[in-house]
Amino acid sequence: MAGSPTIDPQGPDAKRPAARARVPVLLPLPLAQAYDYAVPEGWPVPPPGTIVAAPLGGRVLAGVVWDGPGDGSVPEAKLRPLAALLPVPPMTEALRRLIAFVARWTLAPPGAVLRMALPVPAALEAPKPRFGLVLAPGVEVGSLPKARARVAAVLTEAPVPWAAAELARAAGVGPGVVSSMRNAGLLVAVPIPEAAALPDLTTGSPPVLSPAQAEAARVLRAAVAERRPGATLLDGVTGSGKTEVYLEAVAEAVAHGRQALVLLPEIALSAQVIERFRQRFGSAPAVWHSELSTARRRDTWRAVAEGRAPIVVGARSALFLPFPDLGVIVVDEEHEAAFKQEEGVTYHARDMALVRAHLSGIPAILVSATPSLETLANVERGRHARLHLPSRHGSAGMPQVEAIDLRATPPARGQFLSPPLVAAIEEALGRGEQALLFLNRRGFAPLTLCRACGHRFQCPNCTAWLVEHRYVKRLECHHCGHAEPVPEACPACGAEGALTPVGPGVERIAAECRERFPGARIAEMSSDTIHGAHSAAHYAAMIERREVDLVIGTQLVAKGWHFPHLTLVGVVDADLGLAGGDLRAAERSFQLLHQVGGRAGRADRPGRVLLQTWAPDQRVMRALVSGDIDRFVAEEMAERQAGGWPPYGRLAALIVSAAEASVADAAALALRRAAPGRGGEGEGFRVLGPAPAPLAVLRGQHRRRLLLKASRSTDVQALLRDWLSRAEVPRAARVEVDVDPVSFL
Ligand SMILES: Nc1ncnc2c1ncn2[C@@H]1O[C@H](COP(=O)(O)OP(=O)(O)OP(=O)(O)O)[C@@H](O)[C@H]1O
Ligand SMILES: [Zn+2]
């Protein structure tokens with residue numbers, strides 16, 4: 001051993017205490033980085049992904065051992081020790097990398113993203129063991145008095161742990177009998193295993209697919225079976241069976257013992273959709289959305305983490321659930337703006353679903369009858385594959401779409417349904433079929449004014465009119481929730497009885513219909529009448545049972561529903577979505593109206609769609625009438641490309657807000673001055689603004705917007721980070737960053 005260095009165990013090092021292991025822990029708070037913690041002596045060093053409890057200030061929080069070296073800035077002596085290792089499966093590397101990616105992409109602190117992945121602290125605690133009663137060994141049933149014998153008989157017949165109350169009920173005795181038997185040692189408590197059985201997903205039945213459906217299903221099944229990463233657009237007209245096809249991909253994942261995640265816009269998470277899963281698989285999927293109770297969230301989160309939930313159907317936040325072994329991600333209605341979270345971490349769930357699938361090395365399926373231009377551009381670039389279903393299933397054809405030119409056949413004064421639409425409704429009702437009138441505006445009238453002095457009712461907190469809601473007799477702001485009673489007299493001039501509603505909301509259309517079609521049974525469907533999945537299901541069932549003739553609704557009824565007897569769709573104001581200069585106004589209007597129209601004639605009777613418009617020659621109207629989606633997309637793409645707008649360019653918005661207009665202006669100006677490049681212009685990018693946001697005042701906050709417009713190859717995040725670090729924004733102002741904005745309010 002001569003020459004080799006040796007370590008003297010008695011050397012000076014031995015006298016110092018062994019260096020304590022330290023691990024970085026990311027906590028679910030808006031923190032930019034993980035903090036270091038000491039691993040208490042005798043503990044194994046927890047690997048990245050371990051869910052731990054760690055002290056911060058005076059409290060103890062659940063966090064995740066993070067990747068990479070810690071920041072190392074805290075001297076060892078000051079390092080606080082971990083409080084506990086929590087009894088939950090570790091967070092997978094794919095999910096940790098997703099969190100890091102979302103944080104980088106949206107410029108949100110990683111801890112704020114982590115919070116979305118640890119949304120129910122209660123799920124991280126060990127489930128409390130539950131106990132049930134069984135018969136003590138050796139008890140002679142025959143020797144017991146009558147009441148006790150009845151209890152013993154139940155337990156002999158069904159020797160499983162019983163809850164005391166249930167046992168008493170089953171035996172037909174009072175609860176006192178059970179507790180006295182327990183005290184006497186005749187019954188003993190044993191732990192009840194957690195209700196953890198995997199649902200049986202084999203009893204449902206798939207339909208016989210058409211050749212086109214079967215071919216699409218085959219391709220998707222193969223991708224899932226082989227764990228082939230990459231995204232596929234599954235498109236096809238409304239009612240073509242896209243859902244049936246992606247359910248096959250889900251079935252394939254489940255057959256391989258892997259999990260499947262299906263993301264839906266919150267609004268589409270209806271009982272009807274869940275029922276489709278139940279029918280296909282024989283068992284209900286796990287459901288995840290914002291309305292769940294804490295208990296349901298805790299159970300579902302744990303079931304997912306422990307691999308006991310093979311299929312999860314959820315709104316965008318389901319993207320951050322702790323799947324140990326995901327096999328496929330489906331994003332249904334992928335074009336929906338609702339996938340973008342607008343508050344807090346402003347992420348786009350469709351885009352980040354693609355990231356999660358990529359990080360997990362699994363296929364993603366994007367589903368839509370009217371795909372987003374973003375997705376279509378990715379198909380064009382060869383980044384996504386595409387499967388197309390060309391026609392409606394079975395005998396159902398596409399509905400016939402016609403525009404009603406309001407200039408030629410205007411509604412009568414003070415009314416909103418034109419003579420041709422009224423005639424079509426009468427015909428449909430006369431045939432015993434159902435009609436749907438669509439208007440994407442809640443309430444009775446979007447504006448109230450005084451005929452005497454012209455006073456308009458405006459929200460005191462927002463740049464917005466107050467909307468009259470006649471059933472509750474209130475004027476409401478749809479942005480901040482401000483509400484006030486409708487006054488008798490004009491607050492400006494004092495004139496009485498001079499207040500006039502201007503324009504229609506669904507309540508006003510319903511009123512007009514009640515007058516015009518006195519015998520018709522009318523259902524109004526908007527978020528004023530429908531509170532949550534339960535009441536939506538109630539309405540849907542009434543419509544299915546044909547207890548309703550005429551449905552009047554907002555976008556709540558536009559999507560996903562399948563009502564076989566509904567043959568006529570009337571769009572009250574087809575121009576509504578085109579107002580305002582939003583980049584995506586035409587695209588979104590087309591998608592929405594096409595979806596609404598797609599509710600007509602889905603079964604054996606032909607459907608008809610009537611669009612009331614003042615501009616029948618407008619591009620969107622022509623596209624809807626001709627049904628030529630490809631041409632519309634080509635025209636829209638050409639415009640975006642010419643202007644360098646998404647999907648051919650990139651955008652990021654900075655929204656400045658402050659209680660004082662002058663502070664908002666000063667902050668916006670400071671940002672403008674610090675803008676990257678020369679005068680806000682550089683290689684591949686340009687800063688636009690500041691300008692007052694379309695909602696210049698919202699909830700009492702004055703708002704200004706700046707827009708960074710860049711080429712696709714520009715590193716927008718790097719520009720933004722550098723920009724924000726240099727800008728000296730007054731403390732009283734707030735700056736929000738929205739990368740890839742979807743809303744321009
Ligand atoms: N092969 C099939 N056999 C029997 N029924 C089918 C088949 N394909 C589709 N259907 C039925 O046709 C209707 C429309 O299908 P589905 O909802 O899957 O279409 P979709 O393309 O997802 O529609 P949308 O885009 O409007 O949501 C459903 O009631 C579905 O059960
Ligand atoms: Zn308001």
# chains A, B, ... in the order shown; residues from 1 in each chain; ligands from 1
$ residues_around --residues "A:Tyr471" --least-positions-apart "3" --cutoff "10 Å" --atoms "only C-alpha atoms" --output "PDB file with N, CA and C atoms, in the first residue's frame"
ATOM      1  N   GLY A 443     -78.410  37.875 -18.267  1.00  0.00           N
ATOM      2  CA  GLY A 443     -79.213  38.983 -17.790  1.00  0.00           C
ATOM      3  C   GLY A 443     -80.278  39.398 -18.789  1.00  0.00           C
ATOM      4  N   PHE A 444     -80.912  40.550 -18.496  1.00  0.00           N
ATOM      5  CA  PHE A 444     -82.020  41.024 -19.316  1.00  0.00           C
ATOM      6  C   PHE A 444     -81.524  41.980 -20.398  1.00  0.00           C
ATOM      7  N   GLU A 468     -78.684  44.666 -16.494  1.00  0.00           N
ATOM      8  CA  GLU A 468     -79.905  44.459 -15.722  1.00  0.00           C
ATOM      9  C   GLU A 468     -80.230  42.970 -15.632  1.00  0.00           C
ATOM     10  N   ARG A 474     -81.925  43.580 -10.213  1.00  0.00           N
ATOM     11  CA  ARG A 474     -80.670  44.240  -9.864  1.00  0.00           C
ATOM     12  C   ARG A 474     -79.912  44.650 -11.115  1.00  0.00           C
ATOM     13  N   GLU A 507     -82.388  36.664 -20.645  1.00  0.00           N
ATOM     14  CA  GLU A 507     -83.670  36.837 -19.953  1.00  0.00           C
ATOM     15  C   GLU A 507     -84.679  37.554 -20.849  1.00  0.00           C
ATOM     16  N   ASP A 528     -76.698  31.934 -14.392  1.00  0.00           N
ATOM     17  CA  ASP A 528     -77.632  32.436 -13.388  1.00  0.00           C
ATOM     18  C   ASP A 528     -78.622  31.366 -12.958  1.00  0.00           C
TER      19      ASP A 528
END
$ residues_around --residues "stretch 222-233 of chain A" --least-positions-apart "3" --cutoff "7 Å" --atoms "only C-alpha atoms" --output "number ranges by chain"
A: 218-219, 249, 252-253, 327-328, 358, 361-367, 384-387
$ write_last_selection --atoms "N, CA and C atoms" --output "PDB file, in the first residue's frame"
ATOM      1  N   ARG A 218     -57.175   2.683 -34.301  1.00  0.00           N
ATOM      2  CA  ARG A 218     -56.042   1.757 -34.413  1.00  0.00           C
ATOM      3  C   ARG A 218     -54.715   2.510 -34.277  1.00  0.00           C
ATOM      4  N   VAL A 219     -54.615   3.634 -34.981  1.00  0.00           N
ATOM      5  CA  VAL A 219     -53.374   4.412 -34.939  1.00  0.00           C
ATOM      6  C   VAL A 219     -53.099   4.902 -33.511  1.00  0.00           C
ATOM      7  N   ALA A 249     -58.205   4.982 -27.156  1.00  0.00           N
ATOM      8  CA  ALA A 249     -56.826   5.229 -26.716  1.00  0.00           C
ATOM      9  C   ALA A 249     -56.726   5.142 -25.193  1.00  0.00           C
ATOM     10  N   GLU A 252     -56.716   1.584 -24.170  1.00  0.00           N
ATOM     11  CA  GLU A 252     -55.419   0.945 -24.412  1.00  0.00           C
ATOM     12  C   GLU A 252     -54.459   1.218 -23.248  1.00  0.00           C
ATOM     13  N   ALA A 253     -54.441   2.457 -22.793  1.00  0.00           N
ATOM     14  CA  ALA A 253     -53.569   2.798 -21.660  1.00  0.00           C
ATOM     15  C   ALA A 253     -53.955   1.956 -20.444  1.00  0.00           C
ATOM     16  N   GLY A 327     -50.187   7.034 -19.160  1.00  0.00           N
ATOM     17  CA  GLY A 327     -50.024   6.376 -20.456  1.00  0.00           C
ATOM     18  C   GLY A 327     -50.453   7.215 -21.631  1.00  0.00           C
ATOM     19  N   VAL A 328     -51.354   8.169 -21.388  1.00  0.00           N
ATOM     20  CA  VAL A 328     -51.803   9.040 -22.473  1.00  0.00           C
ATOM     21  C   VAL A 328     -52.479  10.272 -21.873  1.00  0.00           C
ATOM     22  N   HIS A 358     -44.642  15.056 -23.249  1.00  0.00           N
ATOM     23  CA  HIS A 358     -43.275  14.958 -23.762  1.00  0.00           C
ATOM     24  C   HIS A 358     -42.310  14.503 -22.656  1.00  0.00           C
ATOM     25  N   GLY A 361     -42.739  10.964 -21.960  1.00  0.00           N
ATOM     26  CA  GLY A 361     -42.485  10.065 -23.081  1.00  0.00           C
ATOM     27  C   GLY A 361     -43.727   9.314 -23.536  1.00  0.00           C
ATOM     28  N   ILE A 362     -44.873  10.005 -23.557  1.00  0.00           N
ATOM     29  CA  ILE A 362     -46.134   9.342 -23.936  1.00  0.00           C
ATOM     30  C   ILE A 362     -46.864  10.175 -24.985  1.00  0.00           C
ATOM     31  N   PRO A 363     -47.822   9.559 -25.687  1.00  0.00           N
ATOM     32  CA  PRO A 363     -48.564  10.331 -26.687  1.00  0.00           C
ATOM     33  C   PRO A 363     -49.581  11.291 -26.067  1.00  0.00           C
ATOM     34  N   ALA A 364     -49.856  12.376 -26.799  1.00  0.00           N
ATOM     35  CA  ALA A 364     -50.911  13.326 -26.436  1.00  0.00           C
ATOM     36  C   ALA A 364     -51.883  13.397 -27.604  1.00  0.00           C
ATOM     37  N   ILE A 365     -53.155  13.539 -27.282  1.00  0.00           N
ATOM     38  CA  ILE A 365     -54.180  13.616 -28.329  1.00  0.00           C
ATOM     39  C   ILE A 365     -54.958  14.913 -28.134  1.00  0.00           C
ATOM     40  N   LEU A 366     -54.960  15.758 -29.149  1.00  0.00           N
ATOM     41  CA  LEU A 366     -55.712  17.007 -29.101  1.00  0.00           C
ATOM     42  C   LEU A 366     -56.966  16.822 -29.944  1.00  0.00           C
ATOM     43  N   VAL A 367     -58.131  17.092 -29.345  1.00  0.00           N
ATOM     44  CA  VAL A 367     -59.393  16.770 -29.992  1.00  0.00           C
ATOM     45  C   VAL A 367     -60.222  18.027 -30.200  1.00  0.00           C
ATOM     46  N   HIS A 384     -47.135  17.999 -35.164  1.00  0.00           N
ATOM     47  CA  HIS A 384     -48.207  17.117 -34.722  1.00  0.00           C
ATOM     48  C   HIS A 384     -48.664  16.262 -35.903  1.00  0.00           C
ATOM     49  N   ALA A 385     -49.095  15.036 -35.586  1.00  0.00           N
ATOM     50  CA  ALA A 385     -49.770  14.226 -36.606  1.00  0.00           C
ATOM     51  C   ALA A 385     -51.242  14.629 -36.637  1.00  0.00           C
ATOM     52  N   ARG A 386     -51.976  14.157 -37.619  1.00  0.00           N
ATOM     53  CA  ARG A 386     -53.387  14.506 -37.696  1.00  0.00           C
ATOM     54  C   ARG A 386     -54.212  13.312 -38.136  1.00  0.00           C
ATOM     55  N   LEU A 387     -55.326  13.090 -37.437  1.00  0.00           N
ATOM     56  CA  LEU A 387     -56.298  12.070 -37.839  1.00  0.00           C
ATOM     57  C   LEU A 387     -57.620  12.786 -38.032  1.00  0.00           C
TER      58      LEU A 387
END
$ residues_near_ligand --ligand "ligand 2" --cutoff "10 Å" --atoms "only C-alpha atoms and all ligand atoms" --output "list of chain:residue names"
A:Gln458, A:Cys459, A:Pro460, A:Asn461, A:Cys462, A:Thr463, A:Ala464, A:Trp465, A:Leu466, A:Glu476, A:Cys477, A:His478, A:His479, A:Cys480, A:Gly481, A:His482, A:Ala483, A:Leu695, A:Val697, A:Leu698, A:Arg699, A:Gly700
$ write_last_selection --atoms "N, CA and C atoms" --output "compact mmCIF listing (two decimals), in the first residue's frame"
# COMPACT_ATOMS: atom_id res chain seq x y z
N GLN A 458 -73.28 52.86 -15.06
CA GLN A 458 -71.95 52.31 -15.21
C GLN A 458 -71.46 51.75 -13.88
N CYS A 459 -70.56 50.77 -13.94
CA CYS A 459 -70.01 50.21 -12.71
C CYS A 459 -69.08 51.23 -12.06
N PRO A 460 -69.21 51.42 -10.75
CA PRO A 460 -68.29 52.36 -10.08
C PRO A 460 -66.85 51.87 -10.03
N ASN A 461 -66.62 50.57 -10.22
CA ASN A 461 -65.27 50.01 -10.09
C ASN A 461 -64.62 49.64 -11.41
N CYS A 462 -65.40 49.59 -12.48
CA CYS A 462 -64.88 49.06 -13.75
C CYS A 462 -65.33 49.93 -14.92
N THR A 463 -64.58 49.83 -16.02
CA THR A 463 -65.03 50.45 -17.25
C THR A 463 -66.03 49.53 -17.90
N ALA A 464 -67.24 49.51 -17.38
CA ALA A 464 -68.23 48.56 -17.89
C ALA A 464 -69.62 49.04 -17.55
N TRP A 465 -70.58 48.72 -18.42
CA TRP A 465 -71.98 49.02 -18.11
C TRP A 465 -72.48 48.03 -17.08
N LEU A 466 -73.52 48.44 -16.36
CA LEU A 466 -74.18 47.50 -15.46
C LEU A 466 -75.25 46.75 -16.24
N GLU A 476 -76.07 44.60 -12.34
CA GLU A 476 -74.85 43.92 -11.90
C GLU A 476 -73.69 44.18 -12.85
N CYS A 477 -72.49 44.25 -12.28
CA CYS A 477 -71.29 44.31 -13.10
C CYS A 477 -70.79 42.89 -13.29
N HIS A 478 -70.58 42.49 -14.52
CA HIS A 478 -70.14 41.11 -14.77
C HIS A 478 -68.64 40.94 -14.59
N HIS A 479 -67.96 42.01 -14.23
CA HIS A 479 -66.51 41.90 -14.05
C HIS A 479 -66.11 41.86 -12.59
N CYS A 480 -66.76 42.70 -11.75
CA CYS A 480 -66.32 42.75 -10.35
C CYS A 480 -67.39 42.26 -9.39
N GLY A 481 -68.61 42.03 -9.90
CA GLY A 481 -69.64 41.54 -9.01
C GLY A 481 -70.44 42.64 -8.32
N HIS A 482 -70.11 43.91 -8.57
CA HIS A 482 -70.88 45.01 -7.98
C HIS A 482 -72.36 44.85 -8.38
N ALA A 483 -73.25 45.08 -7.44
CA ALA A 483 -74.68 44.98 -7.74
C ALA A 483 -75.43 46.06 -7.00
N LEU A 695 -60.40 47.02 -20.57
CA LEU A 695 -61.07 47.28 -19.29
C LEU A 695 -60.12 48.18 -18.50
N VAL A 697 -60.40 50.29 -16.21
CA VAL A 697 -60.51 50.20 -14.76
C VAL A 697 -61.23 48.89 -14.44
N LEU A 698 -60.63 48.09 -13.58
CA LEU A 698 -61.22 46.81 -13.21
C LEU A 698 -61.09 46.66 -11.72
N ARG A 699 -62.23 46.42 -11.06
CA ARG A 699 -62.23 46.30 -9.59
C ARG A 699 -61.49 47.47 -8.95
N GLY A 700 -61.68 48.64 -9.48
CA GLY A 700 -61.08 49.82 -8.90
C GLY A 700 -59.61 50.00 -9.21
$ residues_near_ligand --ligand "ligand 1" --cutoff "8 Å" --atoms "only C-alpha atoms and all ligand atoms" --output "PDB file with N, CA and C atoms, in the first residue's frame"
ATOM      1  N   PRO A 207     -68.681   0.714 -28.829  1.00  0.00           N
ATOM      2  CA  PRO A 207     -69.581   0.557 -29.974  1.00  0.00           C
ATOM      3  C   PRO A 207     -68.814  -0.060 -31.141  1.00  0.00           C
ATOM      4  N   VAL A 208     -69.541  -0.479 -32.140  1.00  0.00           N
ATOM      5  CA  VAL A 208     -68.887  -0.929 -33.370  1.00  0.00           C
ATOM      6  C   VAL A 208     -68.484   0.319 -34.132  1.00  0.00           C
ATOM      7  N   LEU A 209     -67.195   0.492 -34.339  1.00  0.00           N
ATOM      8  CA  LEU A 209     -66.727   1.727 -34.963  1.00  0.00           C
ATOM      9  C   LEU A 209     -66.896   1.662 -36.482  1.00  0.00           C
ATOM     10  N   SER A 210     -67.123   2.836 -37.067  1.00  0.00           N
ATOM     11  CA  SER A 210     -67.156   2.921 -38.527  1.00  0.00           C
ATOM     12  C   SER A 210     -65.729   2.710 -39.037  1.00  0.00           C
ATOM     13  N   GLN A 213     -63.497   5.646 -38.136  1.00  0.00           N
ATOM     14  CA  GLN A 213     -63.253   5.686 -36.684  1.00  0.00           C
ATOM     15  C   GLN A 213     -62.285   4.582 -36.283  1.00  0.00           C
ATOM     16  N   ASP A 235     -59.335  15.505 -35.400  1.00  0.00           N
ATOM     17  CA  ASP A 235     -60.404  16.449 -35.707  1.00  0.00           C
ATOM     18  C   ASP A 235     -61.440  15.808 -36.606  1.00  0.00           C
ATOM     19  N   GLY A 236     -62.537  16.501 -36.770  1.00  0.00           N
ATOM     20  CA  GLY A 236     -63.660  15.968 -37.525  1.00  0.00           C
ATOM     21  C   GLY A 236     -64.894  16.712 -37.098  1.00  0.00           C
ATOM     22  N   VAL A 237     -65.899  16.723 -37.946  1.00  0.00           N
ATOM     23  CA  VAL A 237     -67.088  17.532 -37.675  1.00  0.00           C
ATOM     24  C   VAL A 237     -67.728  17.134 -36.355  1.00  0.00           C
ATOM     25  N   THR A 238     -68.561  18.017 -35.821  1.00  0.00           N
ATOM     26  CA  THR A 238     -69.272  17.717 -34.577  1.00  0.00           C
ATOM     27  C   THR A 238     -70.122  16.462 -34.779  1.00  0.00           C
ATOM     28  N   GLY A 239     -70.043  15.562 -33.815  1.00  0.00           N
ATOM     29  CA  GLY A 239     -70.846  14.344 -33.897  1.00  0.00           C
ATOM     30  C   GLY A 239     -70.228  13.256 -34.749  1.00  0.00           C
ATOM     31  N   SER A 240     -68.941  13.399 -35.086  1.00  0.00           N
ATOM     32  CA  SER A 240     -68.318  12.389 -35.955  1.00  0.00           C
ATOM     33  C   SER A 240     -67.762  11.208 -35.155  1.00  0.00           C
ATOM     34  N   GLY A 241     -67.830  11.291 -33.841  1.00  0.00           N
ATOM     35  CA  GLY A 241     -67.387  10.158 -33.042  1.00  0.00           C
ATOM     36  C   GLY A 241     -65.968  10.305 -32.511  1.00  0.00           C
ATOM     37  N   LYS A 242     -65.492  11.541 -32.402  1.00  0.00           N
ATOM     38  CA  LYS A 242     -64.137  11.758 -31.882  1.00  0.00           C
ATOM     39  C   LYS A 242     -64.008  11.208 -30.470  1.00  0.00           C
ATOM     40  N   THR A 243     -65.068  11.414 -29.686  1.00  0.00           N
ATOM     41  CA  THR A 243     -65.016  10.930 -28.308  1.00  0.00           C
ATOM     42  C   THR A 243     -64.882   9.407 -28.289  1.00  0.00           C
ATOM     43  N   GLU A 244     -65.703   8.733 -29.110  1.00  0.00           N
ATOM     44  CA  GLU A 244     -65.607   7.267 -29.157  1.00  0.00           C
ATOM     45  C   GLU A 244     -64.180   6.837 -29.497  1.00  0.00           C
ATOM     46  N   VAL A 245     -63.567   7.565 -30.405  1.00  0.00           N
ATOM     47  CA  VAL A 245     -62.224   7.186 -30.853  1.00  0.00           C
ATOM     48  C   VAL A 245     -61.188   7.392 -29.741  1.00  0.00           C
ATOM     49  N   ARG A 276     -70.662   8.980 -20.520  1.00  0.00           N
ATOM     50  CA  ARG A 276     -70.051   8.295 -21.671  1.00  0.00           C
ATOM     51  C   ARG A 276     -68.923   7.374 -21.207  1.00  0.00           C
ATOM     52  N   GLU A 333     -61.756  19.344 -26.838  1.00  0.00           N
ATOM     53  CA  GLU A 333     -62.087  20.752 -27.121  1.00  0.00           C
ATOM     54  C   GLU A 333     -60.823  21.596 -26.973  1.00  0.00           C
ATOM     55  N   SER A 368     -60.746  18.214 -31.405  1.00  0.00           N
ATOM     56  CA  SER A 368     -61.623  19.361 -31.645  1.00  0.00           C
ATOM     57  C   SER A 368     -62.301  19.243 -33.000  1.00  0.00           C
ATOM     58  N   ALA A 369     -63.514  19.794 -33.067  1.00  0.00           N
ATOM     59  CA  ALA A 369     -64.159  19.926 -34.378  1.00  0.00           C
ATOM     60  C   ALA A 369     -63.676  21.204 -35.059  1.00  0.00           C
ATOM     61  N   ARG A 392     -70.409  12.839 -39.994  1.00  0.00           N
ATOM     62  CA  ARG A 392     -71.147  12.481 -38.785  1.00  0.00           C
ATOM     63  C   ARG A 392     -71.418  11.001 -38.748  1.00  0.00           C
ATOM     64  N   HIS A 393     -71.570  10.498 -37.547  1.00  0.00           N
ATOM     65  CA  HIS A 393     -71.811   9.074 -37.404  1.00  0.00           C
ATOM     66  C   HIS A 393     -73.222   8.716 -37.853  1.00  0.00           C
ATOM     67  N   GLY A 394     -73.365   7.569 -38.441  1.00  0.00           N
ATOM     68  CA  GLY A 394     -74.679   7.032 -38.783  1.00  0.00           C
ATOM     69  C   GLY A 394     -75.363   7.859 -39.845  1.00  0.00           C
ATOM     70  N   LYS A 559     -71.685  23.694 -26.036  1.00  0.00           N
ATOM     71  CA  LYS A 559     -70.670  22.688 -26.342  1.00  0.00           C
ATOM     72  C   LYS A 559     -70.930  21.341 -25.714  1.00  0.00           C
ATOM     73  N   GLY A 560     -70.542  20.323 -26.440  1.00  0.00           N
ATOM     74  CA  GLY A 560     -70.473  18.986 -25.855  1.00  0.00           C
ATOM     75  C   GLY A 560     -71.806  18.270 -25.755  1.00  0.00           C
ATOM     76  N   TRP A 561     -72.915  18.993 -25.632  1.00  0.00           N
ATOM     77  CA  TRP A 561     -74.193  18.331 -25.389  1.00  0.00           C
ATOM     78  C   TRP A 561     -74.665  17.560 -26.605  1.00  0.00           C
ATOM     79  N   HIS A 562     -75.385  16.506 -26.310  1.00  0.00           N
ATOM     80  CA  HIS A 562     -75.963  15.679 -27.363  1.00  0.00           C
ATOM     81  C   HIS A 562     -77.447  15.530 -27.052  1.00  0.00           C
ATOM     82  N   GLN A 595     -69.690  25.301 -33.060  1.00  0.00           N
ATOM     83  CA  GLN A 595     -70.039  24.357 -31.982  1.00  0.00           C
ATOM     84  C   GLN A 595     -71.526  24.412 -31.655  1.00  0.00           C
ATOM     85  N   GLY A 598     -73.517  22.858 -34.154  1.00  0.00           N
ATOM     86  CA  GLY A 598     -73.313  21.412 -34.103  1.00  0.00           C
ATOM     87  C   GLY A 598     -74.250  20.692 -33.149  1.00  0.00           C
ATOM     88  N   ARG A 599     -75.022  21.438 -32.370  1.00  0.00           N
ATOM     89  CA  ARG A 599     -76.000  20.797 -31.485  1.00  0.00           C
ATOM     90  C   ARG A 599     -77.242  20.395 -32.266  1.00  0.00           C
ATOM     91  N   ARG A 602     -78.440  16.012 -34.474  1.00  0.00           N
ATOM     92  CA  ARG A 602     -77.384  15.027 -34.230  1.00  0.00           C
ATOM     93  C   ARG A 602     -77.891  13.597 -34.320  1.00  0.00           C
ATOM     94  N   ALA A 603     -79.212  13.414 -34.370  1.00  0.00           N
ATOM     95  CA  ALA A 603     -79.722  12.043 -34.481  1.00  0.00           C
ATOM     96  C   ALA A 603     -80.326  11.845 -35.870  1.00  0.00           C
TER      97      ALA A 603
END
$ atom_distance --atom1 "atom CA of A:Phe416" --atom2 "atom CA of A:Trp614"
12.4 Å
